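What follows is one structure encoded as structure tokens, with my remarks underneath.
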Amino acid sequence: MTYQQQSTAAPPQGQAGASPAIPPQAPPPGPQGRAGGPDGGPPRRTAWAEGVDRLRAGATTEPGRLRIIGAVLAVLVVAFGAVTAWEMTERSAAADDVLHSSQPLSADAADIYRSLADANTAASSGFLAGGQEPAKTRQRYEDDISLAADKLVTAAANSEPGSTSAKTITDLNKMLPEYKGLVERARANNRQGYPLGGAYLRYANAKMQIMLEDAERLYTVENQRLRSDYDDATPYPWIAIGAGAVAIGGLVWAQRRNYRRTNRVLNHGMVAATAATTVVLLWLVVGHTVARAGLNDSYDHGVRSMNTLNDARLASLKARSNENLTLVSRGAETKDVVTEAGKQTVDTFDYDFEVQMKDLTKKLAAAADLADDSTGVKPVEAATGNMKVWKQRHAEAREQDQLGNYQGALARVIGSKADKPTGECFDNVETNLKAALTHERAEFEQAAGDGRGAMNGLVVGAAVLAVLAAAGAVLGIGRRLSEYR
Amino acid sequence: MNARRLRASLRGWGGVGAMAVVCALAAVFALLLPVTQSRGNDAEDLAGQGTATGDQIRAPKCTDPEKQSLSPSSGDQDGKTVQKIKKRGYLIIGVDQNSYRFGYRDPNSESDDAELEGFDIDLAHEIADKIVGAKPNNVRFRAIPTDQRIPAIQDEKVDMVVRTMTINCDRLKQVAFSSPYFETGQQVLAPKKSGITGLDKSLAKKRICTAKGSTAWDSLDAAEKDGALPASADFRDRTVPNQLDCLVRLQLGEADAVVTDGALAASQAAQDPTVGLKGEPFTDEFYGVAMKKGADDLVRRVNQILVDYRKDGWRTSYDKWLAESLGESSGPPPVQYK
């Protein structure tokens, strides 16, 4: 209402100024423009200069101005739509990668790493059991090796030729059969009752340590790729937002100008254009904020938890294989360690066991901190409990070994349930960590899926709405323009 | 006496080599005689020194380390240390679990206690039976790494070590040894089909594996300086944590030959019929039972047990474990006390 009251003062000026000017000024653009051609014949003017001239000439008349404004508005709105589509395509592609490419690849790399460490643990457990190793351990070893081989093929297919990852995968592919050969030799010698079997197993273990370093590198690279996909998916699309603001600003200005000159409040086309542009801008900001929140949540509560749990699982596997190897090597390998008490010579494998156990303790504590609901916390707490029992039983086993009771020590490491072996604790840690990982993976997929979902339709929607908005703006201006014909 | 000692020291040497050494040393002694006489040594001792394989060059004050043990009859055999063990009811012996035929564990043993077995283990049982009395569980075996043998004795983690341990002058400063119970020497082990014939030119450009920090490495180092080993032989950066790892490298083609003492080389050969000992041992070493320095009663007691064991038991054990890979033995090494 107030608008109308105020506007009564304005229109006369505008109309008075504009209407007399129309008839004489409307025709000139055409003839002038056409006349420029023959006139400019001899001097040969460039198309650009000609265009600028025509524009300048056009800008002096209202229909010319309106044409320019219409064109500019259309360009602004279409540009906004295009930038939105472009930025969001990039982001949703990155979010897609997180969900369907880099996270699965990172999980594959973790599987390679874990199955190799697990194979090494199974090989040493089977070896400790004697020449005739238990069928279950053997099966576990074989499963691990074939899983690692399978995942290496996937990883190779997804790595860029010539990259460091590709080289690492090639190295791993080369070493895997070598490792297997050494383990088979260890088994053959163990069957014969030769201590040489133990030497082979230690050699196989040394090879595995190199492989594990490679597998860890691969895992790190895949994790970095995952992180960078997250970094590509989550930043705000500032260019699109800016373009949207400019487009809306332009539309509002044009409408205000229109109102000032014609005293007409609504121009249907322009209003539709403004509405459509506003919808795109809001959709963009809200959709992306939701998507970003979902993705960030999937990283903080999914990926980070999964990484920590994977690390814990690997520490537990390595600790277990060192525990086995302590009994296999029977003091065949020592190393010097510098502690506060001075230089000490310690059993290589027993020392490594302690190092890995410390790592496991740390990683489990971190995993418990990261777990954000009771379903996630429970298995981690259970694993921590198992680990404490493991440490106790390990100390008992070591004591028996130190006392010269090798058989007693062996029973406490790989014996049956009645012997209360450390193997039981290791298995429990493994089961619980697996449960925790399954839970965290579900959480990740949920959150990342939600985030990715929030971007759904945004690209197509933005494009369609931007075209509609541009059409609206042009029609709106066209309507005004038609008044001059 | 002198003649017997000479004969003993000459064991294991090629006749010609021994003659050459004796001639050379005789010449040296002839020159040194006026100087050394001032120390008050008699000629007999000098002759003994001379045949001790050049040890006197590196450690002039310690010669014939295998002859430094206490005679069983030189004093008390049932003192504080022995009493303590008897009271405890079992003996703690440091052993190896990885030396096939000397001290190892059969992974396929059916028995629940999966005992260790081998030549060293037989002797360990004999000592336990004699000191504590023949009864079950009269001995506890503790597997100790090679480089932990001396610390384990010094820290009293074990009463003694029976673990293919060579009696040498450096170790005599840290622990006490029994009289020698086995004679061996550094030897070359290589595939039977290879052209390697021993410590000679055939090792030129060959990769030789030794255990880290072992006597084998030192003896190769010395042999290279002497010229006995061609300079092109590659052994300096080919050490492994344990002597048995050398057989792994040999089988995998990562080494061409192994040098370790003859007993352990034989233990390796027993695990692989395609490798064999090449040439004669090129050093002379004796294994002894190591005990804490100062535990004289225990040393005398063990020496007494060894006297009996050499007569009855030693050969049975040798034939059971070692004859197959080392061949017939002329018997235990001769004994001489301080």
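Scheme for the structure tokens: letters A, B, ... for chains in order shown; per-chain residue numbers from 1; ligand numbers from 1 in order shown.
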For this session: Would you list the contacts of Arg171 (chain B) as a VMD selection string, taking every protein, DNA or RNA residue within 12 Å and counting only C-alpha atoms, but skipping same-chain residues closer than 5 positions in sequence?
Result: chain B and resid 62 65 to 66 68 147 149 to 151 153 to 154 165 to 166 176 to 177 287 to 293
Problem set entry | Near-region 429-443 of chain A list (6 Å; only C-alpha atoms; drop same-chain fewer than 2 positions) as a VMD selection string | chain A and resid 302 306 376 379 383 386 426 to 427 445 to 446
Exercise. Which polymer residues have any atom within 7 Å of an atom of Ile145 (chain A), counting only C-alpha atoms, with same-chain residues fewer than 4 positions away left out, as number ranges by chain?
Worked result: A: 115-116, 119, 141, 149
For this session: Please report as a PyMOL selection string which residues of chain A come no farther than 9 Å from chain B, using only C-alpha atoms.
Result: chain A and resi 127-132+189-196+198-200+202-203+329-334+345+347+401-408
Exercise. For Leu182 (chain A), which residue out of A:Gly269, A:Gly453, A:Gly197, A:Pro63 is the nearest one, using only C-alpha atoms?
Worked result: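 Selected residue with least distance to Leu182 (chain A): A:Gly197.
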Exercise. What residues in region 251-358 of chain A get the DSSP label strand (DSSP E or B)? Please answer as a PyMOL selection string.
Worked result: chain A and resi 334-339+342-347
Could you dump the residues just selected with all heavy atoms as a PDB file, in the first residue's frame?
ATOM      1  N   THR A 334      68.264 -61.987  18.560  1.00  0.00           N
ATOM      2  CA  THR A 334      68.211 -60.991  19.633  1.00  0.00           C
ATOM      3  C   THR A 334      68.530 -59.636  19.040  1.00  0.00           C
ATOM      4  O   THR A 334      69.060 -59.544  17.935  1.00  0.00           O
ATOM      5  CB  THR A 334      69.267 -61.287  20.719  1.00  0.00           C
ATOM      6  OG1 THR A 334      70.528 -61.395  20.080  1.00  0.00           O
ATOM      7  CG2 THR A 334      68.937 -62.547  21.471  1.00  0.00           C
ATOM      8  N   LYS A 335      68.176 -58.603  19.765  1.00  0.00           N
ATOM      9  CA  LYS A 335      68.636 -57.284  19.342  1.00  0.00           C
ATOM     10  C   LYS A 335      68.928 -56.425  20.555  1.00  0.00           C
ATOM     11  O   LYS A 335      68.426 -56.683  21.650  1.00  0.00           O
ATOM     12  CB  LYS A 335      67.629 -56.625  18.402  1.00  0.00           C
ATOM     13  CG  LYS A 335      66.313 -56.202  19.005  1.00  0.00           C
ATOM     14  CD  LYS A 335      65.569 -55.429  17.922  1.00  0.00           C
ATOM     15  CE  LYS A 335      64.114 -55.232  18.239  1.00  0.00           C
ATOM     16  NZ  LYS A 335      63.343 -54.799  17.075  1.00  0.00           N
ATOM     17  N   ASP A 336      69.767 -55.425  20.317  1.00  0.00           N
ATOM     18  CA  ASP A 336      70.145 -54.535  21.407  1.00  0.00           C
ATOM     19  C   ASP A 336      69.167 -53.381  21.477  1.00  0.00           C
ATOM     20  O   ASP A 336      68.855 -52.767  20.471  1.00  0.00           O
ATOM     21  CB  ASP A 336      71.562 -54.000  21.183  1.00  0.00           C
ATOM     22  CG  ASP A 336      72.588 -55.106  21.340  1.00  0.00           C
ATOM     23  OD1 ASP A 336      72.279 -56.078  22.057  1.00  0.00           O
ATOM     24  OD2 ASP A 336      73.669 -55.008  20.737  1.00  0.00           O
ATOM     25  N   VAL A 337      68.701 -53.140  22.674  1.00  0.00           N
ATOM     26  CA  VAL A 337      67.769 -52.038  22.858  1.00  0.00           C
ATOM     27  C   VAL A 337      68.345 -51.109  23.908  1.00  0.00           C
ATOM     28  O   VAL A 337      68.840 -51.563  24.944  1.00  0.00           O
ATOM     29  CB  VAL A 337      66.397 -52.567  23.355  1.00  0.00           C
ATOM     30  CG1 VAL A 337      65.436 -51.417  23.530  1.00  0.00           C
ATOM     31  CG2 VAL A 337      65.855 -53.580  22.385  1.00  0.00           C
ATOM     32  N   VAL A 338      68.297 -49.821  23.631  1.00  0.00           N
ATOM     33  CA  VAL A 338      68.801 -48.867  24.611  1.00  0.00           C
ATOM     34  C   VAL A 338      67.615 -48.370  25.443  1.00  0.00           C
ATOM     35  O   VAL A 338      66.674 -47.779  24.922  1.00  0.00           O
ATOM     36  CB  VAL A 338      69.506 -47.690  23.924  1.00  0.00           C
ATOM     37  CG1 VAL A 338      70.055 -46.730  24.964  1.00  0.00           C
ATOM     38  CG2 VAL A 338      70.621 -48.198  23.034  1.00  0.00           C
ATOM     39  N   THR A 339      67.627 -48.671  26.722  1.00  0.00           N
ATOM     40  CA  THR A 339      66.563 -48.215  27.613  1.00  0.00           C
ATOM     41  C   THR A 339      67.169 -47.304  28.672  1.00  0.00           C
ATOM     42  O   THR A 339      68.364 -47.008  28.631  1.00  0.00           O
ATOM     43  CB  THR A 339      65.876 -49.407  28.319  1.00  0.00           C
ATOM     44  OG1 THR A 339      66.883 -50.121  29.040  1.00  0.00           O
ATOM     45  CG2 THR A 339      65.211 -50.314  27.322  1.00  0.00           C
ATOM     46  N   GLY A 342      70.053 -48.661  30.402  1.00  0.00           N
ATOM     47  CA  GLY A 342      71.263 -48.907  29.638  1.00  0.00           C
ATOM     48  C   GLY A 342      70.985 -49.856  28.499  1.00  0.00           C
ATOM     49  O   GLY A 342      69.840 -50.184  28.213  1.00  0.00           O
ATOM     50  N   LYS A 343      72.054 -50.291  27.850  1.00  0.00           N
ATOM     51  CA  LYS A 343      71.876 -51.166  26.688  1.00  0.00           C
ATOM     52  C   LYS A 343      71.521 -52.574  27.144  1.00  0.00           C
ATOM     53  O   LYS A 343      72.128 -53.113  28.052  1.00  0.00           O
ATOM     54  CB  LYS A 343      73.158 -51.191  25.857  1.00  0.00           C
ATOM     55  CG  LYS A 343      72.872 -51.453  24.391  1.00  0.00           C
ATOM     56  CD  LYS A 343      74.118 -51.318  23.561  1.00  0.00           C
ATOM     57  CE  LYS A 343      74.810 -52.655  23.445  1.00  0.00           C
ATOM     58  NZ  LYS A 343      75.903 -52.674  22.504  1.00  0.00           N
ATOM     59  N   GLN A 344      70.495 -53.118  26.497  1.00  0.00           N
ATOM     60  CA  GLN A 344      70.051 -54.449  26.878  1.00  0.00           C
ATOM     61  C   GLN A 344      69.921 -55.305  25.636  1.00  0.00           C
ATOM     62  O   GLN A 344      69.517 -54.834  24.588  1.00  0.00           O
ATOM     63  CB  GLN A 344      68.676 -54.362  27.536  1.00  0.00           C
ATOM     64  CG  GLN A 344      68.726 -54.322  29.042  1.00  0.00           C
ATOM     65  CD  GLN A 344      67.330 -54.353  29.610  1.00  0.00           C
ATOM     66  OE1 GLN A 344      66.465 -53.608  29.165  1.00  0.00           O
ATOM     67  NE2 GLN A 344      67.110 -55.219  30.565  1.00  0.00           N
ATOM     68  N   THR A 345      70.238 -56.589  25.773  1.00  0.00           N
ATOM     69  CA  THR A 345      70.009 -57.504  24.671  1.00  0.00           C
ATOM     70  C   THR A 345      68.703 -58.235  24.940  1.00  0.00           C
ATOM     71  O   THR A 345      68.534 -58.825  26.004  1.00  0.00           O
ATOM     72  CB  THR A 345      71.163 -58.506  24.560  1.00  0.00           C
ATOM     73  OG1 THR A 345      72.374 -57.766  24.522  1.00  0.00           O
ATOM     74  CG2 THR A 345      71.046 -59.326  23.314  1.00  0.00           C
ATOM     75  N   VAL A 346      67.780 -58.128  23.994  1.00  0.00           N
ATOM     76  CA  VAL A 346      66.465 -58.733  24.215  1.00  0.00           C
ATOM     77  C   VAL A 346      66.105 -59.631  23.046  1.00  0.00           C
ATOM     78  O   VAL A 346      66.678 -59.517  21.968  1.00  0.00           O
ATOM     79  CB  VAL A 346      65.380 -57.650  24.372  1.00  0.00           C
ATOM     80  CG1 VAL A 346      65.594 -56.833  25.612  1.00  0.00           C
ATOM     81  CG2 VAL A 346      65.345 -56.757  23.136  1.00  0.00           C
ATOM     82  N   ASP A 347      65.146 -60.516  23.277  1.00  0.00           N
ATOM     83  CA  ASP A 347      64.647 -61.347  22.195  1.00  0.00           C
ATOM     84  C   ASP A 347      63.880 -60.454  21.213  1.00  0.00           C
ATOM     85  O   ASP A 347      62.979 -59.719  21.602  1.00  0.00           O
ATOM     86  CB  ASP A 347      63.725 -62.419  22.764  1.00  0.00           C
ATOM     87  CG  ASP A 347      63.292 -63.412  21.699  1.00  0.00           C
ATOM     88  OD1 ASP A 347      62.418 -63.073  20.880  1.00  0.00           O
ATOM     89  OD2 ASP A 347      63.840 -64.507  21.696  1.00  0.00           O
TER      90      ASP A 347
END
Exercise. What lies within 9 Å of Ala447 (chain A) using only C-alpha atoms, ignoring chain neighbours under 4 positions off, as an MDAnalysis selection string?
Worked result: chainID A and resid 293:299 301:302 442:443 451:452
Problem set entry | Contacts of region 184-188 of chain B within 9 Å, only C-alpha atoms, excl. fewer than 2 positions in-chain, as a PyMOL selection string | chain B and resi 12+166+182+190+196-199+215-216+219+257-263+265+276-287
Residue subset to file, keeping N, CA, C and O atoms, as a compact mmCIF listing (two decimals), in the first residue's frame:
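And here is the file that came out, out_5.txt:
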# COMPACT_ATOMS: atom_id res chain seq x y z
N GLY B 12 93.78 -83.17 13.57
CA GLY B 12 92.97 -82.32 12.70
C GLY B 12 93.78 -81.54 11.70
O GLY B 12 93.24 -80.88 10.83
N THR B 166 82.37 -72.85 22.70
CA THR B 166 83.80 -73.04 22.54
C THR B 166 84.56 -72.42 23.72
O THR B 166 84.26 -71.30 24.14
N PHE B 182 84.25 -81.95 23.59
CA PHE B 182 84.09 -82.17 22.16
C PHE B 182 85.10 -81.31 21.42
O PHE B 182 85.35 -80.18 21.80
N ALA B 190 79.26 -76.56 1.92
CA ALA B 190 78.80 -76.11 0.60
C ALA B 190 78.02 -77.23 -0.06
O ALA B 190 78.11 -78.39 0.38
N ILE B 196 83.49 -76.06 -4.65
CA ILE B 196 84.19 -75.58 -3.45
C ILE B 196 84.84 -76.75 -2.74
O ILE B 196 84.22 -77.80 -2.53
N THR B 197 86.12 -76.57 -2.39
CA THR B 197 86.85 -77.70 -1.82
C THR B 197 87.31 -77.44 -0.39
O THR B 197 87.90 -78.30 0.24
N GLY B 198 87.06 -76.26 0.13
CA GLY B 198 87.49 -75.96 1.49
C GLY B 198 87.93 -74.51 1.54
O GLY B 198 87.58 -73.71 0.67
N LEU B 199 88.70 -74.16 2.57
CA LEU B 199 89.16 -72.78 2.71
C LEU B 199 90.35 -72.57 1.77
O LEU B 199 91.50 -72.69 2.18
N THR B 215 82.68 -66.62 15.77
CA THR B 215 84.09 -66.93 15.59
C THR B 215 84.37 -67.16 14.12
O THR B 215 85.47 -66.89 13.64
N ALA B 216 83.36 -67.70 13.41
CA ALA B 216 83.54 -68.00 11.99
C ALA B 216 83.93 -66.75 11.21
O ALA B 216 84.86 -66.78 10.41
N SER B 219 87.45 -65.78 12.01
CA SER B 219 88.46 -66.66 11.43
C SER B 219 88.58 -66.41 9.92
O SER B 219 89.67 -66.51 9.36
N ALA B 257 78.43 -70.67 0.12
CA ALA B 257 79.06 -71.52 1.12
C ALA B 257 78.77 -70.97 2.51
O ALA B 257 78.40 -69.80 2.65
N VAL B 258 78.91 -71.83 3.51
CA VAL B 258 78.69 -71.44 4.88
C VAL B 258 79.96 -71.76 5.65
O VAL B 258 80.58 -72.79 5.39
N VAL B 259 80.34 -70.87 6.57
CA VAL B 259 81.43 -71.23 7.47
C VAL B 259 80.91 -71.17 8.89
O VAL B 259 80.35 -70.16 9.32
N THR B 260 81.05 -72.28 9.59
CA THR B 260 80.67 -72.34 10.99
C THR B 260 81.50 -73.46 11.58
O THR B 260 82.28 -74.09 10.86
N ASP B 261 81.39 -73.69 12.90
CA ASP B 261 82.26 -74.75 13.39
C ASP B 261 81.74 -76.11 12.92
O ASP B 261 80.57 -76.28 12.60
N GLY B 262 82.66 -77.06 12.85
CA GLY B 262 82.38 -78.35 12.21
C GLY B 262 81.15 -79.04 12.77
O GLY B 262 80.38 -79.66 12.03
N ALA B 263 80.96 -78.93 14.09
CA ALA B 263 79.84 -79.62 14.71
C ALA B 263 78.52 -79.05 14.21
O ALA B 263 77.60 -79.78 13.84
N ALA B 265 78.17 -77.27 11.48
CA ALA B 265 78.11 -77.52 10.03
C ALA B 265 77.55 -78.92 9.80
O ALA B 265 76.72 -79.13 8.90
N GLY B 276 77.43 -80.68 2.04
CA GLY B 276 78.41 -81.47 2.80
C GLY B 276 79.55 -80.60 3.30
O GLY B 276 79.72 -79.46 2.88
N LEU B 277 80.32 -81.16 4.24
CA LEU B 277 81.49 -80.46 4.77
C LEU B 277 82.59 -80.52 3.72
O LEU B 277 82.80 -81.55 3.09
N LYS B 278 83.27 -79.39 3.53
CA LYS B 278 84.31 -79.34 2.51
C LYS B 278 85.65 -79.05 3.18
O LYS B 278 85.78 -78.08 3.93
N GLY B 279 86.66 -79.88 2.89
CA GLY B 279 87.99 -79.67 3.44
C GLY B 279 88.03 -79.96 4.93
O GLY B 279 87.04 -80.33 5.56
N GLU B 280 89.22 -79.78 5.50
CA GLU B 280 89.42 -80.05 6.92
C GLU B 280 89.07 -78.80 7.73
O GLU B 280 89.08 -77.70 7.20
N PRO B 281 88.79 -78.99 9.04
CA PRO B 281 88.60 -77.80 9.89
C PRO B 281 89.86 -76.95 9.85
O PRO B 281 90.96 -77.50 9.86
N PHE B 282 89.71 -75.64 9.74
CA PHE B 282 90.92 -74.80 9.67
C PHE B 282 91.23 -74.07 10.96
O PHE B 282 92.12 -73.22 11.00
N THR B 283 90.49 -74.38 12.02
CA THR B 283 90.90 -73.92 13.35
C THR B 283 90.71 -75.12 14.28
O THR B 283 90.13 -76.13 13.89
N ASP B 284 91.18 -74.99 15.50
CA ASP B 284 91.05 -76.08 16.46
C ASP B 284 90.32 -75.55 17.68
O ASP B 284 90.80 -74.62 18.32
N GLU B 285 89.14 -76.07 17.94
CA GLU B 285 88.34 -75.55 19.06
C GLU B 285 87.77 -76.69 19.88
O GLU B 285 87.59 -77.79 19.38
N PHE B 286 87.51 -76.38 21.14
CA PHE B 286 86.94 -77.40 22.02
C PHE B 286 85.68 -76.84 22.69
O PHE B 286 85.66 -75.69 23.10
N TYR B 287 84.67 -77.70 22.78
CA TYR B 287 83.47 -77.31 23.52
C TYR B 287 83.66 -77.68 24.99
O TYR B 287 84.21 -78.73 25.31
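When only C-alpha atoms are used to compute distances to Thr316 (chain B), the closest of the residues B:Glu328, B:Asp170, B:Asp226, B:Asp221 turns out to be B:Glu328.
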Exercise. Neighbours of Pro136 (chain B) within 12 Å (only C-alpha atoms; same-chain residues fewer than 3 positions away dropped), as a list in words?
Worked result: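 Everything that qualifies: Gly89, Tyr90, Leu91, Asp113, His125, Ala128, Asp129, Val132, Gly133, Val139 and Arg140 of chain B.
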For this session: Between CA of Gly461 (chain A) and CA of Arg227 (chain A), measure the distance and give it in Å to one decimal.
Result: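 Those two atoms sit 28.3 Å apart.
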